[in-house]
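What follows is a set of notes on a single structure, which appears directly below.
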Amino acid sequence: MSVAGWEPALGDCARCGEVGPHRHFSVPAGGTVCPACRPTGSAMPSPVTLELMEALLTGDWARADASQGINRRESSGLVAAMLQWHLERGLRSLPLVDRSDARPAVVQPAAPIVVGTGA
Ligand SMILES: [Zn+2]
């Protein structure tokens, strides 16, 4: 997700950049959010889960390896929710791209195929 430009914010607020850590996590906002920016419906994952995600993001495998199952499941759920959100948004915007690009003004009928006279 980081390579695709969808890296979640896990420290500072994803919206205003206020220095974290913050407790709330919003999928549409793109990660942790401060109380002022927190949209309704934000998740409140365990701080340990956010630490695990940070460890995975930074390649701190020793710390990630030492994590508990409950935090692994929670981080997996958050990553899946973010991925689904981004993918669905991407697919929904496809028709818009199609409309704004390369729409023929008039659909031309195919030219008649001239078959040889055979003579
Ligand atoms: Zn904020």
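By order of appearance in the structure tokens: chains A, B, ..., then residues from 1 within every chain, and ligands from 1 in the order shown.
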
At most 10 Å from ligand 1 (only C-alpha atoms and all ligand atoms): residue list as a PDB file with N, CA and C atoms, in the first residue's frame:
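The result, stored in pocket.pdb:
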ATOM      1  N   ASP A  12       1.321  11.087  13.253  1.00  0.00           N
ATOM      2  CA  ASP A  12       0.651  12.389  13.235  1.00  0.00           C
ATOM      3  C   ASP A  12      -0.723  12.266  12.598  1.00  0.00           C
ATOM      4  N   CYS A  13      -1.554  13.287  12.814  1.00  0.00           N
ATOM      5  CA  CYS A  13      -2.915  13.280  12.274  1.00  0.00           C
ATOM      6  C   CYS A  13      -2.870  13.237  10.744  1.00  0.00           C
ATOM      7  N   ALA A  14      -3.676  12.329  10.175  1.00  0.00           N
ATOM      8  CA  ALA A  14      -3.692  12.161   8.712  1.00  0.00           C
ATOM      9  C   ALA A  14      -4.274  13.382   8.015  1.00  0.00           C
ATOM     10  N   ARG A  15      -5.063  14.185   8.750  1.00  0.00           N
ATOM     11  CA  ARG A  15      -5.724  15.330   8.118  1.00  0.00           C
ATOM     12  C   ARG A  15      -4.943  16.625   8.301  1.00  0.00           C
ATOM     13  N   CYS A  16      -4.636  16.985   9.563  1.00  0.00           N
ATOM     14  CA  CYS A  16      -4.024  18.302   9.813  1.00  0.00           C
ATOM     15  C   CYS A  16      -2.556  18.202  10.179  1.00  0.00           C
ATOM     16  N   GLY A  17      -2.070  16.983  10.407  1.00  0.00           N
ATOM     17  CA  GLY A  17      -0.653  16.810  10.695  1.00  0.00           C
ATOM     18  C   GLY A  17      -0.270  17.048  12.136  1.00  0.00           C
ATOM     19  N   GLU A  18      -1.269  17.253  13.009  1.00  0.00           N
ATOM     20  CA  GLU A  18      -0.945  17.457  14.422  1.00  0.00           C
ATOM     21  C   GLU A  18      -0.159  16.254  14.945  1.00  0.00           C
ATOM     22  N   VAL A  19       0.899  16.560  15.684  1.00  0.00           N
ATOM     23  CA  VAL A  19       1.815  15.522  16.148  1.00  0.00           C
ATOM     24  C   VAL A  19       1.087  14.538  17.060  1.00  0.00           C
ATOM     25  N   GLY A  20       1.254  13.244  16.755  1.00  0.00           N
ATOM     26  CA  GLY A  20       0.606  12.187  17.505  1.00  0.00           C
ATOM     27  C   GLY A  20       1.467  11.674  18.621  1.00  0.00           C
ATOM     28  N   HIS A  22      -2.121   9.498  18.008  1.00  0.00           N
ATOM     29  CA  HIS A  22      -3.545   9.714  18.216  1.00  0.00           C
ATOM     30  C   HIS A  22      -4.242   8.371  18.335  1.00  0.00           C
ATOM     31  N   ALA A  29      -9.910   8.929   6.061  1.00  0.00           N
ATOM     32  CA  ALA A  29      -8.923   9.994   6.287  1.00  0.00           C
ATOM     33  C   ALA A  29      -7.513   9.509   5.983  1.00  0.00           C
ATOM     34  N   THR A  32      -4.387   7.510  11.398  1.00  0.00           N
ATOM     35  CA  THR A  32      -4.751   8.056  12.701  1.00  0.00           C
ATOM     36  C   THR A  32      -5.104   9.536  12.549  1.00  0.00           C
ATOM     37  N   VAL A  33      -6.085   9.954  13.333  1.00  0.00           N
ATOM     38  CA  VAL A  33      -6.552  11.342  13.278  1.00  0.00           C
ATOM     39  C   VAL A  33      -6.655  11.906  14.695  1.00  0.00           C
ATOM     40  N   CYS A  34      -6.452  13.225  14.795  1.00  0.00           N
ATOM     41  CA  CYS A  34      -6.538  13.895  16.097  1.00  0.00           C
ATOM     42  C   CYS A  34      -8.019  14.062  16.462  1.00  0.00           C
ATOM     43  N   PRO A  35      -8.326  14.360  17.732  1.00  0.00           N
ATOM     44  CA  PRO A  35      -9.738  14.492  18.139  1.00  0.00           C
ATOM     45  C   PRO A  35     -10.493  15.544  17.337  1.00  0.00           C
ATOM     46  N   ALA A  36      -9.827  16.617  16.928  1.00  0.00           N
ATOM     47  CA  ALA A  36     -10.515  17.676  16.183  1.00  0.00           C
ATOM     48  C   ALA A  36     -10.900  17.219  14.780  1.00  0.00           C
ATOM     49  N   CYS A  37     -10.096  16.381  14.172  1.00  0.00           N
ATOM     50  CA  CYS A  37     -10.340  15.952  12.790  1.00  0.00           C
ATOM     51  C   CYS A  37     -11.130  14.656  12.702  1.00  0.00           C
ATOM     52  N   ARG A  38     -11.288  13.976  13.801  1.00  0.00           N
ATOM     53  CA  ARG A  38     -11.858  12.631  13.811  1.00  0.00           C
ATOM     54  C   ARG A  38     -13.252  12.598  13.181  1.00  0.00           C
TER      55      ARG A  38
END

Fill in: Shell around Ser76 (chain A) at 10 Å using only C-alpha atoms, local window under 5 positions removed, as a list in words
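Here the qualifying residues turn out to be Thr49, Met53, Ile70, Asn71, Ala81 and Met82 of chain A.
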
Item to complete: For each of A:Leu52, A:Leu87, A:Leu10, A:Ala43, take the minimum atom-to-atom distance to Arg73 (chain A), counting only C-alpha atoms, then give the residue where this is smallest.
Response: A:Leu52

Worksheet entry | Shell of 9 Å around Glu51 (chain A), only C-alpha atoms, local chain residues under 4 positions omitted, as a PyMOL selection string | chain A and resi 10+46-47+55-56+63-64

Worksheet item: Which residue out of A:Gly59, A:Gly77, A:Pro28, A:Pro8 has the minimum interatomic distance to Gly41 (chain A) when only C-alpha atoms are used?
Response: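 Among the listed residues, A:Pro28 lies closest to Gly41 (chain A).
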
Discussion item. Residues near Val79 (chain A), anyone? I mean within 12 Å using only C-alpha atoms, not counting same-chain ones fewer than 3 positions away, as a ChimeraX atom specification.
Written reply: /A:1-2,6-10,25-27,30-31,45,49-50,52-54,56-57,72-76,82-86
